[in-house]
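A.B. asks: Contents of my_file.txt (compact mmCIF, C-alpha atoms) are given next:
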```txt
# COMPACT_ATOMS: atom_id res chain seq x y z
CA MET W 1 72.19 108.84 116.06
CA SER W 2 72.92 107.91 119.71
CA PRO W 3 76.46 108.14 121.19
CA ALA W 4 76.53 104.32 121.43
CA ALA W 5 75.66 103.98 117.74
CA ASP W 6 78.31 106.60 116.86
CA ALA W 7 80.91 104.67 118.84
CA SER W 8 79.87 101.39 117.19
CA ALA W 9 80.07 102.91 113.70
CA LYS W 10 83.49 104.38 114.48
CA ASP W 11 84.70 101.01 115.79
CA ILE W 12 83.55 99.27 112.59
CA ALA W 13 85.22 101.95 110.44
CA ASP W 14 88.47 101.58 112.41
CA ARG W 15 88.41 97.80 111.99
CA ILE W 16 87.85 98.09 108.24
CA LYS W 17 90.67 100.65 107.98
CA HIS W 18 93.00 98.36 109.96
CA PHE W 19 92.05 95.38 107.76
CA LEU W 20 92.75 97.32 104.56
CA SER W 21 95.99 98.80 105.92
CA ASN W 22 97.36 95.29 106.49
CA GLU W 23 99.27 94.17 103.38
CA THR W 24 98.39 90.52 103.91
CA SER W 25 94.63 90.98 104.34
CA ALA W 26 94.46 93.58 101.53
CA GLY W 27 96.29 91.23 99.17
CA MET W 28 94.02 88.33 100.09
CA LEU W 29 90.93 90.50 99.47
CA VAL W 30 92.05 91.21 95.90
CA ILE W 31 92.71 87.51 95.32
CA VAL W 32 89.22 86.56 96.54
CA ILE W 33 87.58 89.25 94.38
CA ALA W 34 89.54 88.09 91.33
CA LEU W 35 88.49 84.47 91.86
CA ILE W 36 84.85 85.51 92.28
CA ALA W 37 85.05 87.44 88.98
CA LEU W 38 86.61 84.43 87.23
CA VAL W 39 83.84 82.14 88.49
CA ILE W 40 81.07 84.58 87.50
CA ALA W 41 82.55 85.09 84.02
CA ASN W 42 82.43 81.32 83.46
CA SER W 43 78.94 80.80 84.92
CA PRO W 44 75.38 81.43 83.67
CA LEU W 45 75.87 84.99 84.96
CA SER W 46 78.55 85.69 82.34
CA HIS W 47 76.18 87.70 80.10
CA PHE W 48 75.21 89.92 83.03
CA TYR W 49 78.91 90.37 83.88
CA GLU W 50 79.76 91.36 80.29
CA HIS W 51 76.81 93.76 80.09
CA LEU W 52 77.80 95.43 83.37
CA SER W 53 81.44 95.65 82.32
CA HIS W 54 80.62 97.39 79.02
CA MET W 55 77.87 99.66 80.33
CA GLU W 56 78.87 103.30 79.65
CA PHE W 57 78.26 106.47 81.63
CA GLY W 58 79.81 109.90 82.14
CA PRO W 59 79.69 113.32 80.40
CA LYS W 60 80.36 112.97 76.65
CA SER W 61 81.12 116.69 76.30
CA LEU W 62 84.18 116.27 78.56
CA GLY W 63 85.34 113.09 76.85
CA LEU W 64 84.51 111.10 79.99
CA HIS W 65 81.79 108.81 78.62
CA LEU W 66 83.53 105.55 79.55
CA SER W 67 82.53 101.94 80.14
CA VAL W 68 82.51 100.54 83.65
CA HIS W 69 85.71 98.55 83.10
CA GLU W 70 87.37 101.68 81.64
CA TRP W 71 86.34 103.70 84.70
CA ALA W 72 87.91 100.93 86.83
CA ALA W 73 91.20 100.83 84.87
CA ASP W 74 91.57 104.50 83.92
CA GLY W 75 89.76 106.12 86.84
CA LEU W 76 89.74 104.22 90.12
CA LEU W 77 93.15 102.67 89.52
CA THR W 78 94.59 106.20 89.54
CA ILE W 79 94.07 106.15 93.33
CA PHE W 80 96.29 103.06 93.52
CA PHE W 81 98.95 104.74 91.39
CA PHE W 82 98.73 107.90 93.53
CA VAL W 83 99.58 105.76 96.57
CA VAL W 84 102.40 104.12 94.55
CA GLY W 85 103.76 107.60 93.74
CA LEU W 86 103.66 108.56 97.42
CA GLU W 87 105.48 105.37 98.41
CA LEU W 88 108.10 105.88 95.69
CA LYS W 89 108.75 109.43 96.92
CA THR W 90 109.11 108.21 100.50
CA GLU W 91 111.50 105.44 99.49
CA PHE W 92 113.71 107.82 97.51
CA VAL W 93 113.83 110.48 100.24
CA THR W 94 113.84 108.58 103.54
CA GLY W 95 113.49 104.88 102.69
CA SER W 96 115.40 101.95 101.24
CA LEU W 97 116.25 103.74 97.98
CA ARG W 98 117.93 106.64 99.80
CA ASP W 99 121.24 104.81 100.24
CA MET W 100 122.32 103.85 96.74
CA LYS W 101 125.06 101.52 98.03
CA GLU W 102 122.50 99.28 99.73
CA ALA W 103 119.83 99.72 97.06
CA ALA W 104 122.08 99.19 94.02
CA LEU W 105 121.88 95.38 93.94
CA PRO W 106 118.06 95.01 94.22
CA MET W 107 117.57 97.99 91.88
CA ILE W 108 119.73 96.40 89.16
CA ALA W 109 118.05 93.04 89.84
CA ALA W 110 114.64 94.70 89.38
CA ALA W 111 115.69 95.95 85.94
CA PHE W 112 116.82 92.46 84.93
CA GLY W 113 113.62 91.16 86.51
CA MET W 114 111.76 93.04 83.77
CA ILE W 115 114.19 92.18 80.97
CA GLY W 116 114.05 88.43 81.73
CA PRO W 117 110.26 88.00 81.35
CA ALA W 118 110.20 90.27 78.27
CA ILE W 119 112.88 88.22 76.51
CA LEU W 120 111.22 84.94 77.50
CA TYR W 121 107.81 86.16 76.25
CA VAL W 122 109.23 87.25 72.89
CA THR W 123 111.20 83.97 72.58
CA ILE W 124 108.00 81.96 73.16
CA GLN W 125 106.15 84.00 70.52
CA LEU W 126 108.94 83.38 68.00
CA THR W 127 109.14 79.67 68.87
CA LEU W 128 105.38 79.17 68.49
CA GLY W 129 105.13 81.25 65.32
CA SER W 130 103.15 84.08 66.90
CA SER W 131 103.41 87.75 65.94
CA HIS W 132 101.81 89.17 69.11
CA PHE W 133 104.99 90.82 70.37
CA SER W 134 103.16 93.85 71.81
CA GLY W 135 102.47 91.85 74.97
CA TRP W 136 106.17 91.73 75.92
CA ALA W 137 105.61 94.02 78.93
CA VAL W 138 102.68 92.09 80.43
CA PRO W 139 104.79 89.59 82.45
CA THR W 140 107.27 92.22 83.64
CA ALA W 141 105.19 93.73 86.47
CA THR W 142 105.19 92.86 90.18
CA ASP W 143 102.21 93.37 92.51
CA ILE W 144 103.64 94.67 95.81
CA ALA W 145 100.60 93.97 98.01
CA PHE W 146 100.08 90.42 96.73
CA ALA W 147 103.82 89.51 96.90
CA VAL W 148 104.28 90.92 100.41
CA ALA W 149 101.10 89.12 101.52
CA ILE W 150 102.58 85.75 100.48
CA LEU W 151 105.90 86.64 102.13
CA SER W 152 104.09 87.61 105.35
CA ILE W 153 102.22 84.30 105.45
CA PHE W 154 104.96 81.85 104.41
CA GLY W 155 108.19 83.76 105.10
CA LYS W 156 108.03 84.24 108.86
CA GLY W 157 111.53 83.53 110.14
CA LEU W 158 113.45 84.94 107.18
CA PRO W 159 115.88 87.80 107.88
CA PRO W 160 114.11 91.20 107.93
CA ALA W 161 116.45 92.26 105.12
CA ALA W 162 114.69 89.75 102.83
CA ARG W 163 111.49 91.78 103.06
CA THR W 164 113.44 94.98 102.36
CA PHE W 165 115.02 93.29 99.33
CA LEU W 166 111.59 92.28 97.99
CA LEU W 167 110.11 95.72 98.67
CA THR W 168 113.00 97.42 96.86
CA LEU W 169 112.55 95.04 93.92
CA ALA W 170 108.82 95.74 93.78
CA VAL W 171 109.14 99.53 94.20
CA VAL W 172 111.72 99.84 91.41
CA ASP W 173 109.61 97.46 89.30
CA ASP W 174 106.63 99.81 89.81
CA LEU W 175 108.72 102.79 88.70
CA LEU W 176 109.92 100.97 85.59
CA ALA W 177 106.39 99.75 84.83
CA ILE W 178 105.14 103.33 85.00
CA ILE W 179 107.83 104.38 82.51
CA VAL W 180 106.89 101.46 80.22
CA ILE W 181 103.20 102.44 80.29
CA ALA W 182 104.00 106.10 79.60
CA VAL W 183 106.48 105.41 76.78
CA PHE W 184 105.14 102.30 75.03
CA TYR W 185 101.41 102.34 75.69
CA SER W 186 100.53 105.96 75.02
CA SER W 187 99.45 107.04 71.55
CA GLY W 188 98.03 110.01 69.63
CA LEU W 189 99.38 112.55 72.09
CA ASN W 190 97.39 115.74 72.62
CA PHE W 191 100.16 118.08 73.76
CA VAL W 192 97.74 120.84 74.80
CA ALA W 193 95.88 118.49 77.16
CA LEU W 194 99.19 117.07 78.41
CA ALA W 195 100.53 120.56 79.11
CA ALA W 196 97.31 121.45 80.92
CA SER W 197 97.60 118.33 83.08
CA LEU W 198 101.23 119.08 83.94
CA LEU W 199 100.29 122.69 84.78
CA VAL W 200 97.60 121.53 87.22
CA ILE W 201 100.07 119.04 88.74
CA ALA W 202 102.54 121.93 89.16
CA VAL W 203 99.89 123.96 91.02
CA PHE W 204 99.19 120.89 93.19
CA ALA W 205 102.95 120.62 93.88
CA VAL W 206 103.23 124.27 94.93
CA LEU W 207 100.30 123.92 97.34
CA VAL W 208 101.44 120.69 99.03
CA ASN W 209 105.00 122.01 99.35
CA LYS W 210 103.53 125.05 101.14
CA GLY W 211 101.90 122.66 103.59
CA ILE W 212 98.34 122.82 102.18
CA ARG W 213 96.49 119.62 103.04
CA HIS W 214 92.83 120.60 102.58
CA TRP W 215 91.12 117.82 100.59
CA TRP W 216 88.53 120.22 99.16
CA ILE W 217 91.40 122.08 97.42
CA LEU W 218 93.70 119.20 96.47
CA LEU W 219 91.10 116.61 95.39
CA PRO W 220 89.50 118.81 92.66
CA LEU W 221 92.98 119.62 91.33
CA GLY W 222 93.80 115.92 91.21
CA VAL W 223 90.60 115.13 89.32
CA ILE W 224 91.26 117.92 86.80
CA ALA W 225 94.86 116.75 86.28
CA TRP W 226 93.57 113.20 85.75
CA ALA W 227 90.92 114.33 83.22
CA PHE W 228 93.46 116.29 81.17
CA MET W 229 95.91 113.36 81.29
CA LEU W 230 93.17 111.03 80.05
CA SER W 231 92.48 113.39 77.14
CA SER W 232 96.19 113.71 76.34
CA GLY W 233 96.68 110.12 75.19
CA VAL W 234 99.05 109.31 78.05
CA HIS W 235 97.50 106.68 80.30
CA ALA W 236 95.47 108.50 82.92
CA THR W 237 97.02 106.63 85.87
CA ILE W 238 100.31 108.45 85.19
CA ALA W 239 98.62 111.55 86.62
CA GLY W 240 98.19 109.69 89.91
CA VAL W 241 101.88 108.77 90.00
CA ALA W 242 102.95 112.33 89.19
CA LEU W 243 100.69 113.79 91.88
CA GLY W 244 102.14 111.36 94.42
CA LEU W 245 105.74 112.14 93.46
CA VAL W 246 105.38 115.91 94.01
CA VAL W 247 104.18 115.50 97.61
CA PRO W 248 107.03 116.37 100.03
CA ALA W 249 108.50 113.41 101.95
CA THR W 250 110.69 115.29 104.40
CA ARG W 251 109.70 115.08 108.06
CA THR W 252 108.34 118.24 109.68
CA ARG W 253 106.59 119.11 112.93
CA GLU W 254 103.28 118.29 111.25
CA GLY W 255 104.61 114.86 110.28
CA GLN W 256 105.64 113.31 106.97
CA MET W 257 103.10 114.34 104.33
CA THR W 258 103.65 111.33 102.06
CA HIS W 259 103.14 108.97 104.99
CA ASP W 260 100.02 110.82 106.14
CA PHE W 261 98.54 110.81 102.64
CA VAL W 262 99.27 107.06 102.25
CA GLU W 263 97.50 106.44 105.55
CA LYS W 264 94.44 108.35 104.33
CA TRP W 265 94.31 107.05 100.76
CA ASN W 266 95.52 103.47 101.13
CA PRO W 267 92.15 102.21 102.45
CA TRP W 268 90.46 103.71 99.37
CA SER W 269 93.08 102.07 97.15
CA ALA W 270 93.00 98.67 98.87
CA GLY W 271 89.28 98.64 99.66
CA LEU W 272 87.78 100.25 96.55
CA ALA W 273 90.12 100.81 93.60
CA LEU W 274 91.97 97.48 93.55
CA PRO W 275 88.98 95.19 94.27
CA ILE W 276 86.79 96.85 91.61
CA PHE W 277 89.64 96.80 89.08
CA ALA W 278 90.33 93.14 89.90
CA PHE W 279 86.64 92.29 89.53
CA PHE W 280 86.39 93.78 86.03
CA SER W 281 89.84 92.60 84.88
CA ALA W 282 90.02 89.03 86.15
CA GLY W 283 86.62 87.97 84.77
CA VAL W 284 87.98 86.09 81.76
CA ASN W 285 85.44 83.81 80.06
CA VAL W 286 87.60 80.83 79.12
CA LEU W 287 84.79 78.26 78.86
CA GLY W 288 82.58 80.24 76.48
CA ALA W 289 85.38 81.92 74.53
CA GLU W 290 86.07 81.10 70.90
CA GLY W 291 87.83 77.71 70.88
CA GLY W 292 87.15 77.17 74.58
CA ILE W 293 89.66 76.68 77.36
CA ILE W 294 92.00 74.53 75.23
CA LYS W 295 92.55 77.33 72.72
CA THR W 296 92.98 79.83 75.56
CA LEU W 297 95.58 77.68 77.30
CA THR W 298 97.48 76.94 74.08
CA ASP W 299 97.49 80.53 72.81
CA PRO W 300 101.12 81.80 72.62
CA ILE W 301 100.07 84.95 74.49
CA THR W 302 98.71 82.94 77.42
CA ILE W 303 101.78 80.68 77.44
CA GLY W 304 104.22 83.59 77.13
CA VAL W 305 102.69 85.50 80.03
CA ALA W 306 102.07 82.44 82.25
CA ILE W 307 105.66 81.20 81.87
CA GLY W 308 107.22 84.66 81.68
CA LEU W 309 106.04 85.69 85.15
CA PRO W 310 107.55 82.93 87.33
CA LEU W 311 110.41 81.71 85.15
CA GLY W 312 111.33 85.07 83.59
CA LYS W 313 111.48 86.77 87.00
CA LEU W 314 113.53 83.90 88.45
CA LEU W 315 116.05 83.98 85.59
CA GLY W 316 116.23 87.78 85.52
CA ILE W 317 116.44 88.49 89.25
CA TRP W 318 118.27 85.46 90.64
CA GLY W 319 120.51 85.21 87.57
CA SER W 320 121.54 88.87 87.71
CA VAL W 321 122.22 88.73 91.47
CA TRP W 322 124.34 85.58 91.02
CA LEU W 323 126.38 87.23 88.25
CA LEU W 324 126.71 90.58 90.06
CA THR W 325 127.84 89.05 93.36
CA LYS W 326 130.25 86.74 91.55
CA PHE W 327 131.89 89.22 89.17
CA THR W 328 131.45 92.65 90.80
CA LYS W 329 131.95 94.19 94.25
CA LEU W 330 128.19 94.16 94.96
CA ARG W 331 127.26 91.81 97.79
CA LEU W 332 124.20 90.51 99.58
CA GLY W 333 124.14 91.23 103.30
CA ASN W 334 122.20 91.18 106.56
CA GLY W 335 121.63 87.43 106.41
CA VAL W 336 120.18 87.33 102.87
CA ASP W 337 121.75 84.80 100.50
CA LEU W 338 121.12 83.40 97.01
CA PRO W 339 118.45 80.83 98.05
CA ASP W 340 116.53 83.69 99.69
CA VAL W 341 116.85 85.68 96.47
CA ALA W 342 115.44 82.75 94.50
CA ALA W 343 112.32 82.77 96.70
CA MET W 344 112.02 86.55 96.39
CA ALA W 345 112.40 86.28 92.61
CA LEU W 346 109.52 83.81 92.40
CA LEU W 347 107.35 86.11 94.52
CA ALA W 348 108.22 88.96 92.16
CA GLY W 349 106.44 86.93 89.47
CA ILE W 350 103.16 87.82 91.19
CA GLY W 351 102.18 90.49 88.69
CA PHE W 352 98.47 90.77 89.18
CA THR W 353 97.38 94.45 89.26
CA VAL W 354 99.83 96.21 86.92
CA ALA W 355 100.21 93.14 84.69
CA MET W 356 96.42 93.05 84.22
CA LEU W 357 96.47 96.74 83.34
CA ILE W 358 99.25 96.31 80.78
CA GLY W 359 97.44 93.27 79.38
CA GLY W 360 94.51 95.53 78.59
CA LEU W 361 96.77 98.15 77.00
CA ALA W 362 98.96 95.81 74.95
CA PHE W 363 96.14 94.50 72.73
CA THR W 364 93.09 96.08 71.12
CA ASP W 365 91.30 92.79 70.45
CA GLU W 366 89.21 91.76 73.49
CA LEU W 367 89.94 88.05 72.94
CA LEU W 368 93.70 88.70 73.02
CA GLN W 369 93.26 90.89 76.11
CA ALA W 370 91.39 88.01 77.76
CA HIS W 371 94.18 85.56 76.90
CA ALA W 372 96.82 87.94 78.27
CA ARG W 373 94.87 88.41 81.50
CA PHE W 374 94.27 84.68 81.86
CA GLY W 375 98.02 84.22 81.44
CA VAL W 376 98.50 86.76 84.25
CA ILE W 377 96.16 84.77 86.50
CA ILE W 378 97.98 81.49 85.78
CA GLY W 379 101.45 83.04 86.08
CA THR W 380 100.55 84.92 89.25
CA PHE W 381 99.17 81.87 91.03
CA ALA W 382 102.08 79.72 89.81
CA SER W 383 104.50 82.33 91.19
CA ALA W 384 102.61 82.50 94.49
CA ILE W 385 102.59 78.72 94.92
CA LEU W 386 106.23 78.25 93.85
CA GLY W 387 107.31 81.21 95.97
CA ALA W 388 105.47 79.83 99.02
CA ILE W 389 107.09 76.40 98.51
CA ALA W 390 110.54 78.00 98.11
CA LEU W 391 110.04 80.01 101.31
CA ARG W 392 108.99 76.94 103.32
CA MET W 393 111.92 74.91 101.96
CA ARG W 394 114.29 77.77 102.75
CA LEU W 395 112.98 78.06 106.31
CA ARG W 396 113.28 74.28 106.85
CA GLN W 397 116.89 74.44 105.68
CA THR W 398 117.51 77.32 108.08
CA VAL W 399 115.98 75.37 110.97
CA ARG W 400 117.96 72.23 110.07
CA GLY W 401 121.11 74.32 109.81
CA ALA W 402 120.46 75.90 113.19
CA GLY W 403 119.73 72.48 114.72
CA ALA W 404 122.90 70.98 113.28
CA GLU W 405 124.95 73.91 114.57
CA LYS W 406 123.38 73.57 118.03
CA SER W 407 124.13 69.81 118.04
CA ARG W 408 127.72 70.40 116.97
CA LYS W 409 128.30 72.90 119.79
CA LYS W 410 126.72 70.49 122.30
CA ASN W 411 129.02 67.62 121.23
CA HIS W 412 132.04 69.83 121.62
```
Show the structure stored in the file as structure tokens.
C.D. replies:
Amino acid sequence: MSPAADASAKDIADRIKHFLSNETSAGMLVIVIALIALVIANSPLSHFYEHLSHMEFGPKSLGLHLSVHEWAADGLLTIFFFVVGLELKTEFVTGSLRDMKEAALPMIAAAFGMIGPAILYVTIQLTLGSSHFSGWAVPTATDIAFAVAILSIFGKGLPPAARTFLLTLAVVDDLLAIIVIAVFYSSGLNFVALAASLLVIAVFAVLVNKGIRHWWILLPLGVIAWAFMLSSGVHATIAGVALGLVVPATRTREGQMTHDFVEKWNPWSAGLALPIFAFFSAGVNVLGAEGGIIKTLTDPITIGVAIGLPLGKLLGIWGSVWLLTKFTKLRLGNGVDLPDVAAMALLAGIGFTVAMLIGGLAFTDELLQAHARFGVIIGTFASAILGAIALRMRLRQTVRGAGAEKSRKKNH
């Protein structure tokens, strides 16, 4: 290959990496892929989509003979959770979660932001006479990339602290979602396989804390830890989180390892893992499903998830912040106020990635899984639209307030 061709290929690679590193563009990519999957699943190509999704491959002797959609959810998504683990570690050591005084309010709000949707979902099931309570955790998750993408597009002009508040909400939400998956959606534990996975993760931890960064050493260890975790009965993506959390986040002469690893792995997460997972998760056949779209829309699971995401997050997050700032010493600061929190709470209802994953874990019946995921799609887009409207209204109020203040000073 000529030097000019090498330079051109490098330029294209750099542009792709920059595109995927941008939270807004990465979030939009996942949205587009999800919509494409939804259209295909409700088109004449639906049979091809289903066949591809259920096609199996992998070594049976190692217990890795999985379907394509299982490889997407249990395999590729581990890359996404590895990046989440790295970001969590960074936030706890050097980021917004380091100072507990500043982080306390959004951290508590994040917990109520999971309790609110869960209670609302269960209430809807009881009201509509449904017994599908296992989906309580589906509307509790927040998709960081998607939420920040909407904030970046519609929230320009808000105080920088608003973005920090949303990021803290989403990061803590991710941590709580990981705990929920590990505790409530793991079954038939194989303690030998679990111990083997933890042992490999411990070896990985020793190496990275000694400054070892060679991919040809660390990547095989990560794959082995993932395989043992998959065999253990604990959801395999937990291995990714654990591997990310053991990477050191302190700054050294060589740089910050968690930051460097995020920089290397985020393009794989945003450009490969999330789009493929979205493609095989969002393809819900609502037109050809039993009972058609009417039955899908009126299913208590769909309703519970679709309402639980925007309304449950709003009640849980905004409601808890209102109560905490009114009756405790915790306060909002740096220009963020309750209307800003309301907009952030609606954005937190964007649950796409993790909510889709939990939707697949909460039910064994494929029809119920489809209804849960369709509820995620409706709830996510409702949260995105309502959040965008709330942000624009909030910014108009800020501009009007600034204009009124300017006029008042001029008259005096």
A.B. asks: Pick the closest to Gln256 of chain W from W:Lys17, W:Arg213, W:Arg396, W:Arg98: which is it, counting all atoms listed in the file?
C.D. replies: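 Nearest to Gln256 of chain W: W:Arg213.
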A.B. asks: So which one's closest to Phe81 of chain W, W:Leu29, W:Leu311, W:Leu35, W:Ile238? Using all atoms listed in the file, please.
C.D. replies: W:Ile238
A.B. asks: To one decimal in Å, tell me the separation between atom CA of Thr364 of chain W and atom CA of Ser134 of chain W.
C.D. replies: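 Computing it gives 10.3 Å between the two atoms.
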A.B. asks: Compare W:Ile144, W:Leu245, W:Ala236, W:Ile378 by their minimum atom-to-atom distance to Ile303 of chain W, counting only C-alpha atoms, and give me the closest one.
C.D. replies: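 With only C-alpha atoms as the atom set, the closest residue is W:Ile378.
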A.B. asks: Give the answer as one residue: which of W:Tyr121, W:Phe146, W:Phe374, W:Trp318 has the shortest atom-to-atom distance to Gly27 of chain W, using all atoms listed in the file?
C.D. replies: W:Phe146
A.B. asks: How far is it from atom CA of Val246 of chain W to atom CA of Met356 of chain W, in Å with one decimal?
C.D. replies: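 Here the two named atoms are 26.4 Å from each other.
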A.B. asks: List every residue of segment 23-78 of chain W that has an atom at most 6 Å from any atom of segment 277-299 of chain W, and for each one report the closest atom pair and its distance in Å to one decimal, counting all atoms listed in the file, with rows sorted by chain and then by increasing residue number, as a Markdown table.
C.D. replies:
```
| residue | atom | partner | partner_atom | distance |
| --- | --- | --- | --- | --- |
| W:Ile33 | CA | W:Phe279 | CA | 5.8 |
| W:Ala34 | CA | W:Ala282 | CA | 5.3 |
| W:Ala37 | CA | W:Gly283 | CA | 4.5 |
| W:Leu38 | CA | W:Gly283 | CA | 4.3 |
| W:Ala41 | CA | W:Gly283 | CA | 5.0 |
| W:Asn42 | CA | W:Asn285 | CA | 5.2 |
| W:His69 | CA | W:Phe280 | CA | 5.6 |
| W:Ala72 | CA | W:Phe277 | CA | 5.0 |
```
A.B. asks: As a list in words, please: the residues near Phe57 of chain W (cut-off 7 Å, only C-alpha atoms, same-chain neighbours under 5 positions excluded).
C.D. replies: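 Contacts, in chain order: His65, Leu66 and Ser67 of chain W.
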A.B. asks: Which residues are close to Thr302 of chain W, i.e. within 6 Å by all atoms listed in the file, leaving aside same-chain residues fewer than 4 positions away? Reply as a VMD selection string.
C.D. replies: chain W and resid 306 371 to 372 375
A.B. asks: For a quick check of your reading of the model, name the residues lying within 10 Å of the coordinate (102.9, 90.2, 100.8), counting all atoms listed in the file, and write them as a list in words.
C.D. replies: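 All residues meeting the 10 Å criterion around (102.9, 90.2, 100.8) are Asn22, Glu23, Thr24, Ser25, Ala26, Gly27, Met28, Asp143, Ile144, Ala145, Phe146, Ala147, Val148, Ala149, Ile150, Leu151, Ser152, Ile153, Phe154, Gly155, Arg163, Leu166, Leu167, Leu347, Ile350 and Ala384 of chain W.
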A.B. asks: I need the residue nearest Ala111 of chain W from this list: W:Ala242, W:Val192, W:Val172, W:Ala370. Use only C-alpha atoms for the distance.
C.D. replies: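 Distance minimum relative to Ala111 of chain W lands on W:Val172.
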A.B. asks: Find the spatial neighbours of Leu158 of chain W, counting only C-alpha atoms, within a cut-off of 10 Å - ignore same-chain residues fewer than 2 positions away - and output them as a PyMOL selection string.
C.D. replies: chain W and resi 151-152+154-156+160-163+335-336+340+391-392+394-395+398
A.B. asks: Report the distance between atom CA of Ala73 of chain W and atom CA of Leu357 of chain W in Å, rounded to one decimal place.
C.D. replies: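 Going from atom CA of Ala73 of chain W over to atom CA of Leu357 of chain W covers 6.8 Å.
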A.B. asks: Of the candidates W:Gly359, W:Gly304, W:Gly351, W:Gly333, which shows the shortest atom-to-atom distance to Ser130 of chain W, using only C-alpha atoms?
C.D. replies: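 Among W:Gly359, W:Gly304, W:Gly351, W:Gly333, it is W:Gly304 that comes nearest to Ser130 of chain W.
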A.B. asks: Scan for residues within 10 Å of the point (117.3, 85.4, 81.6) in the coordinates of the file, using all atoms listed in the file, and reply as a list in words.
C.D. replies: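 Checking each residue against the 10 Å limit leaves Phe112, Gly113, Met114, Ile115, Gly116, Pro117, Ala118, Ile119, Leu120, Leu311, Gly312, Lys313, Leu314, Leu315, Gly316, Ile317, Trp318, Gly319 and Ser320 of chain W.
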A.B. asks: Near His235 of chain W, counting all atoms listed in the file, which residues have an atom at most 7 Å away, once you skip same-chain residues fewer than 6 positions from it, shown as a count of residues only?
C.D. replies: 3
